[in-house]
Amino acid sequence: MADLTTTFIGIKSPNPFWLASAPPTDKEYNVRRAFEAGWGGVVWKTLGEAGPPIVNVNGPRYGAIWGADRRLLGLNNIELITDRPLEVNLEEITRVKKDYPDRAVVVSLMVPCEEGPWRDIVRKVEDTGADGVELNFGCPHGMAERGMGSAVGQVPEYIQMVTEWVKKYSDLPCIVKLTPNITNILYPAEAAMRGGADAVSLINTINSITSVNLDTFAPEPTIDGVGAHGGYCGPAVKPIALNMVAEIARNPATAGLPISGIGGVTTWRDAAEFIALGAGNVQVCTAAMTYGFKIVQEMISGLSQWMDEHGHESVESIVGRSVPKVKNWQDLNLNYVTKAVIDQSACIKCGRCFAACEDTSHQAITMSDDRVFEVDDAECVACNLCVNVCPVDNCITMKELGQGEVDPRTGQKVAPYANWTTHPNNPAAKAAE
């Protein structure tokens with residue numbers, strides 16, 4: 001069977017599935033239940049010390065976005081870091097790590113941007129026997145207003161400075177958690193490297209307001225008639241997270257920097273995608289909050305079965321396998337041609353493909369009087385919209401035209417590979433000729 005054991009920056013765990021720093025890892029009770037369910041590791045909910053006291057709201061803390069079937073697609077939260085006493089957390093971390101020596105226990109930290117508080121708290125965490133620390137430079141609400149969280153994560157110089165402090169005063173492996181609320185994720189990632197970080201984790205939550213109550217006109221969740229921006233997470237953020245992980249993995253300056261992938265991991269397939277794009281493990285939050293801790297058992301069995309079926313003996317063997325295939329747009333093959341094909345035996349005649357293409361795309365699908373839908377190859381630009389709106393899986397697929405075949409739309413033969421740099425329609429290429 002496939003070996004799911006991982007060693008991430010020297011931290012061993014029986015599988016690559018860790019719980020992210022969040023409400024599910026807020027206390028000993030939760031973490032013990034998580035480990036009994038099968039989670040390979042946890043990042044303990046963010047601890048803090050010094051600065052103003054942490055007081056969480058006692059009203060609703062979560063807003064939500066649902067799909068048509070009320071499946072939870074995203075959560076917006078306005079919860080702060082732990083409001084439990086630091087010493088209580090440290091005692092619980094010590095007991096948990098002692099009882100579960102084979103599981104990863106990493107502690108998330110956030111204190112004011114001063115050397116003294118960082119020195120003091122990392123030394124206290126070292127005494128617990130924890131495996132590492134994660135520096136929370138991502139929280140976009142509440143703590144950012146206090147000059148912490150994403151307020152630090154948006155300034156590369158601060159990231160480097162704080163990381164250097166932590167590495168100065170502690171030998172624990174150090175993960176820097178990055179905020180997605182930034183224009184270019186490479187700047188904070190490179191700053192973390194300069195500061196001596198052993199790894200980065202991403203993404204933290206996205207600044208958001210998920211909804212407005214149109215009776216009260218207050219954002220939700222609503223606290224005494226008003227609301228605030230919060231942090232957005234869940235399946236809906238996965239595409240953003242995958243892109244940022246891939247950007248770091250394929251950037252020459254950060255190549256080789258270990259990555260812990262976070263953002264919408266709900267199934268084993270999500271995890272495999274993060275790992276293929278360069279993550280050494282994944283962290284999960286919303287899925288556990290939605291379905292409970294035992295969801296990890298499906299993740300473990302699914303990933304193990306897929307690895308067995310495809311001959312992957314270890315998690316390490318698939319880390320970064322997709323990175324060489326992530327390209328910039330100008331490097332894509334502009335002579336690659338496909339056409340949509342409709343499987344008439346699978347078609348339920350709903351007409352979604354026709355409506356979408358006729359109204360918003362290239363008028364490449366025809367409809368007969370008896371509702372038979374066919375593709376007009378002379379108009380099809382292979383945009384894939386029909387595939388995406390069709391409710392029947394694999395009813396519409398894209399067929400590749402081989403080299404030398406005539407494209408009915410252009411009347412030209414499919415030519416060998418050409419990217420934008422060498423494409424005849426590129427003004428720069430014309431000028432070079």
# chains A, B, ... in the order shown; residues from 1 in each chain; ligands from 1
>>> select_by_dssp(residues="segment 149-280 of chain A", states="strand (DSSP E)", output="list in words")
Cys174, Ile175, Val176, Lys177, Ala199, Val200, Ser201, Leu202, Ile206, Asn207, Ser208, Ser211, Val212, Asn213, Ala218, Pro219, Glu220, Gly230, Gly231, Tyr232, Cys233, Ile259, Ser260, Gly261 and Ile262 of chain A
>>> residues_around(residues="Ala276 of chain A", least_positions_apart="2", cutoff="10 Å", atoms="only C-alpha atoms", output="ChimeraX atom specification")
/A:242,246,270-274,278-280,315-323
>>> write_last_selection(atoms="N, CA and C atoms", output="PDB file, in the first residue's frame")
ATOM      1  N   LEU A 242      -4.706  27.446  -4.669  1.00  0.00           N
ATOM      2  CA  LEU A 242      -3.890  26.638  -5.572  1.00  0.00           C
ATOM      3  C   LEU A 242      -2.959  27.511  -6.400  1.00  0.00           C
ATOM      4  N   ALA A 246       1.143  27.458  -6.279  1.00  0.00           N
ATOM      5  CA  ALA A 246       1.892  27.200  -7.511  1.00  0.00           C
ATOM      6  C   ALA A 246       2.858  28.330  -7.829  1.00  0.00           C
ATOM      7  N   ASP A 270      -8.686  17.184  -3.472  1.00  0.00           N
ATOM      8  CA  ASP A 270      -8.204  18.544  -3.222  1.00  0.00           C
ATOM      9  C   ASP A 270      -6.772  18.498  -2.676  1.00  0.00           C
ATOM     10  N   ALA A 271      -6.562  17.602  -1.721  1.00  0.00           N
ATOM     11  CA  ALA A 271      -5.232  17.477  -1.120  1.00  0.00           C
ATOM     12  C   ALA A 271      -4.200  17.085  -2.157  1.00  0.00           C
ATOM     13  N   ALA A 272      -4.535  16.124  -3.008  1.00  0.00           N
ATOM     14  CA  ALA A 272      -3.596  15.668  -4.039  1.00  0.00           C
ATOM     15  C   ALA A 272      -3.238  16.803  -4.990  1.00  0.00           C
ATOM     16  N   GLU A 273      -4.196  17.669  -5.299  1.00  0.00           N
ATOM     17  CA  GLU A 273      -3.930  18.793  -6.191  1.00  0.00           C
ATOM     18  C   GLU A 273      -2.947  19.776  -5.547  1.00  0.00           C
ATOM     19  N   PHE A 274      -3.147  20.077  -4.256  1.00  0.00           N
ATOM     20  CA  PHE A 274      -2.211  20.955  -3.560  1.00  0.00           C
ATOM     21  C   PHE A 274      -0.807  20.349  -3.552  1.00  0.00           C
ATOM     22  N   GLY A 278       3.058  21.470  -5.317  1.00  0.00           N
ATOM     23  CA  GLY A 278       4.230  21.823  -4.534  1.00  0.00           C
ATOM     24  C   GLY A 278       4.091  21.773  -3.035  1.00  0.00           C
ATOM     25  N   ALA A 279       2.884  21.498  -2.508  1.00  0.00           N
ATOM     26  CA  ALA A 279       2.719  21.448  -1.055  1.00  0.00           C
ATOM     27  C   ALA A 279       3.222  20.124  -0.505  1.00  0.00           C
ATOM     28  N   GLY A 280       3.917  20.186   0.636  1.00  0.00           N
ATOM     29  CA  GLY A 280       4.397  18.969   1.273  1.00  0.00           C
ATOM     30  C   GLY A 280       3.353  18.315   2.143  1.00  0.00           C
ATOM     31  N   VAL A 315       3.949   9.990  -0.508  1.00  0.00           N
ATOM     32  CA  VAL A 315       3.472  11.357  -0.735  1.00  0.00           C
ATOM     33  C   VAL A 315       4.566  12.189  -1.381  1.00  0.00           C
ATOM     34  N   GLU A 316       5.778  12.005  -0.935  1.00  0.00           N
ATOM     35  CA  GLU A 316       6.913  12.765  -1.458  1.00  0.00           C
ATOM     36  C   GLU A 316       7.053  12.605  -2.969  1.00  0.00           C
ATOM     37  N   SER A 317       6.662  11.443  -3.490  1.00  0.00           N
ATOM     38  CA  SER A 317       6.824  11.182  -4.921  1.00  0.00           C
ATOM     39  C   SER A 317       5.895  12.013  -5.790  1.00  0.00           C
ATOM     40  N   ILE A 318       4.848  12.605  -5.201  1.00  0.00           N
ATOM     41  CA  ILE A 318       3.937  13.428  -6.006  1.00  0.00           C
ATOM     42  C   ILE A 318       4.064  14.916  -5.707  1.00  0.00           C
ATOM     43  N   VAL A 319       4.890  15.273  -4.722  1.00  0.00           N
ATOM     44  CA  VAL A 319       5.055  16.697  -4.397  1.00  0.00           C
ATOM     45  C   VAL A 319       5.654  17.438  -5.592  1.00  0.00           C
ATOM     46  N   GLY A 320       4.946  18.428  -6.092  1.00  0.00           N
ATOM     47  CA  GLY A 320       5.462  19.272  -7.175  1.00  0.00           C
ATOM     48  C   GLY A 320       5.383  18.680  -8.561  1.00  0.00           C
ATOM     49  N   ARG A 321       4.698  17.546  -8.739  1.00  0.00           N
ATOM     50  CA  ARG A 321       4.661  16.913 -10.056  1.00  0.00           C
ATOM     51  C   ARG A 321       3.999  17.795 -11.119  1.00  0.00           C
ATOM     52  N   SER A 322       3.116  18.682 -10.700  1.00  0.00           N
ATOM     53  CA  SER A 322       2.414  19.549 -11.658  1.00  0.00           C
ATOM     54  C   SER A 322       3.133  20.857 -11.933  1.00  0.00           C
ATOM     55  N   VAL A 323       4.116  21.192 -11.104  1.00  0.00           N
ATOM     56  CA  VAL A 323       4.754  22.502 -11.217  1.00  0.00           C
ATOM     57  C   VAL A 323       5.346  22.766 -12.604  1.00  0.00           C
TER      58      VAL A 323
END
>>> closest_residue(among="A:Gly74, A:Pro173, A:Gly263, A:Pro112", to="Ser208 of chain A", atoms="only C-alpha atoms")
A:Gly74
>>> closest_atom_pairs(of="segment 182-255 of chain A", to="segment 17-35 of chain A", cutoff="12 Å", atoms="only C-alpha atoms", output="JSON lines")
{"residue": "A:Ser201", "atom": "CA", "partner": "A:Ala20", "partner_atom": "CA", "distance": 9.8}
{"residue": "A:Leu202", "atom": "CA", "partner": "A:Ala20", "partner_atom": "CA", "distance": 10.3}
{"residue": "A:Ile203", "atom": "CA", "partner": "A:Ala20", "partner_atom": "CA", "distance": 10.7}
{"residue": "A:Asn204", "atom": "CA", "partner": "A:Ala20", "partner_atom": "CA", "distance": 9.6}
{"residue": "A:Thr205", "atom": "CA", "partner": "A:Ala22", "partner_atom": "CA", "distance": 10.8}
{"residue": "A:Gly231", "atom": "CA", "partner": "A:Ala22", "partner_atom": "CA", "distance": 11.5}
{"residue": "A:Cys233", "atom": "CA", "partner": "A:Ala22", "partner_atom": "CA", "distance": 11.1}
>>> write_last_selection(atoms="C-alpha atoms", output="mmCIF file, in the first residue's frame")
data_model
loop_
_atom_site.group_PDB
_atom_site.id
_atom_site.type_symbol
_atom_site.label_atom_id
_atom_site.label_comp_id
_atom_site.auth_asym_id
_atom_site.auth_seq_id
_atom_site.Cartn_x
_atom_site.Cartn_y
_atom_site.Cartn_z
ATOM 1 C CA SER A 201 1.794 27.958 4.796
ATOM 2 C CA LEU A 202 -0.980 29.472 2.717
ATOM 3 C CA ILE A 203 -3.505 30.755 2.287
ATOM 4 C CA ASN A 204 -4.949 32.376 5.357
ATOM 5 C CA THR A 205 -8.467 33.767 5.083
ATOM 6 C CA GLY A 231 -11.978 36.130 6.981
ATOM 7 C CA CYS A 233 -12.451 30.298 3.807
#
>>> closest_residue(among="A:Val106, A:Cys390, A:Leu72, A:Ile240", to="Met289 of chain A", atoms="only C-alpha atoms")
A:Leu72
>>> closest_residue(among="A:Glu374, A:Asp3, A:Glu358, A:Asp331", to="Tyr417 of chain A", atoms="only C-alpha atoms")
A:Asp331
>>> closest_residue(among="A:Val284, A:Leu75, A:Val337, A:Ala346", to="Ile206 of chain A", atoms="only C-alpha atoms")
A:Leu75
>>> select_by_dssp(residues="segment 19-88 of chain A", states="alpha helix (DSSP H)", output="list of chain:residue names")
A:Glu28, A:Tyr29, A:Asn30, A:Val31, A:Arg32, A:Arg33, A:Ala34, A:Phe35, A:Glu36, A:Ala37, A:Leu86, A:Glu87, A:Val88
>>> write_last_selection(atoms="C-alpha atoms", output="compact mmCIF listing (two decimals), in the first residue's frame")
# COMPACT_ATOMS: atom_id res chain seq x y z
CA GLU A 28 -7.00 19.80 24.34
CA TYR A 29 -10.42 18.16 24.10
CA ASN A 30 -10.78 18.94 20.41
CA VAL A 31 -7.22 17.94 19.52
CA ARG A 32 -7.48 14.59 21.28
CA ARG A 33 -10.69 13.83 19.40
CA ALA A 34 -8.97 14.84 16.16
CA PHE A 35 -6.03 12.53 16.75
CA GLU A 36 -8.32 9.65 17.67
CA ALA A 37 -10.17 10.23 14.39
CA LEU A 86 -1.77 31.29 27.60
CA GLU A 87 -0.63 29.08 30.49
CA VAL A 88 -3.70 26.84 30.12
>>> closest_residue(among="A:Ala418, A:Ile342, A:Leu303, A:Val389", to="Met1 of chain A", atoms="only C-alpha atoms")
A:Leu303
>>> residues_around(residues="Arg371 of chain A", least_positions_apart="6", cutoff="12 Å", atoms="only C-alpha atoms", output="short mmCIF file (atom, residue, chain, number, x, y, z; two decimals) with N, CA and C atoms, in the first residue's frame")
data_model
loop_
_atom_site.label_atom_id
_atom_site.label_comp_id
_atom_site.auth_asym_id
_atom_site.auth_seq_id
_atom_site.Cartn_x
_atom_site.Cartn_y
_atom_site.Cartn_z
N GLN A 344 -24.88 12.36 -28.24
CA GLN A 344 -26.33 12.43 -28.34
C GLN A 344 -27.03 11.40 -27.45
N CYS A 347 -27.26 13.10 -24.04
CA CYS A 347 -27.91 14.42 -23.98
C CYS A 347 -29.34 14.31 -23.45
N ILE A 348 -29.71 15.16 -22.50
CA ILE A 348 -31.07 15.16 -21.94
C ILE A 348 -31.91 16.29 -22.54
N LYS A 349 -31.38 16.97 -23.53
CA LYS A 349 -32.09 18.00 -24.29
C LYS A 349 -32.53 19.19 -23.43
N CYS A 350 -31.72 19.52 -22.43
CA CYS A 350 -32.07 20.65 -21.57
C CYS A 350 -31.85 21.99 -22.25
N GLY A 351 -30.91 22.03 -23.18
CA GLY A 351 -30.65 23.25 -23.92
C GLY A 351 -29.73 24.25 -23.26
N ARG A 352 -29.12 23.89 -22.16
CA ARG A 352 -28.22 24.84 -21.51
C ARG A 352 -27.04 25.21 -22.40
N CYS A 353 -26.47 24.23 -23.08
CA CYS A 353 -25.32 24.51 -23.94
C CYS A 353 -25.70 25.48 -25.04
N PHE A 354 -26.89 25.29 -25.62
CA PHE A 354 -27.34 26.16 -26.71
C PHE A 354 -27.54 27.58 -26.20
N ILE A 365 -23.44 26.30 -31.45
CA ILE A 365 -24.31 25.15 -31.22
C ILE A 365 -25.66 25.43 -31.84
#
>>> residues_around(residues="Gly48 of chain A", least_positions_apart="6", cutoff="8 Å", atoms="only C-alpha atoms", output="MDAnalysis selection string")
chainID A and resid 81:82 86 109:111 121
>>> atom_distance(atom1="atom CA of Arg103 of chain A", atom2="atom CA of Trp118 of chain A")
25.3 Å
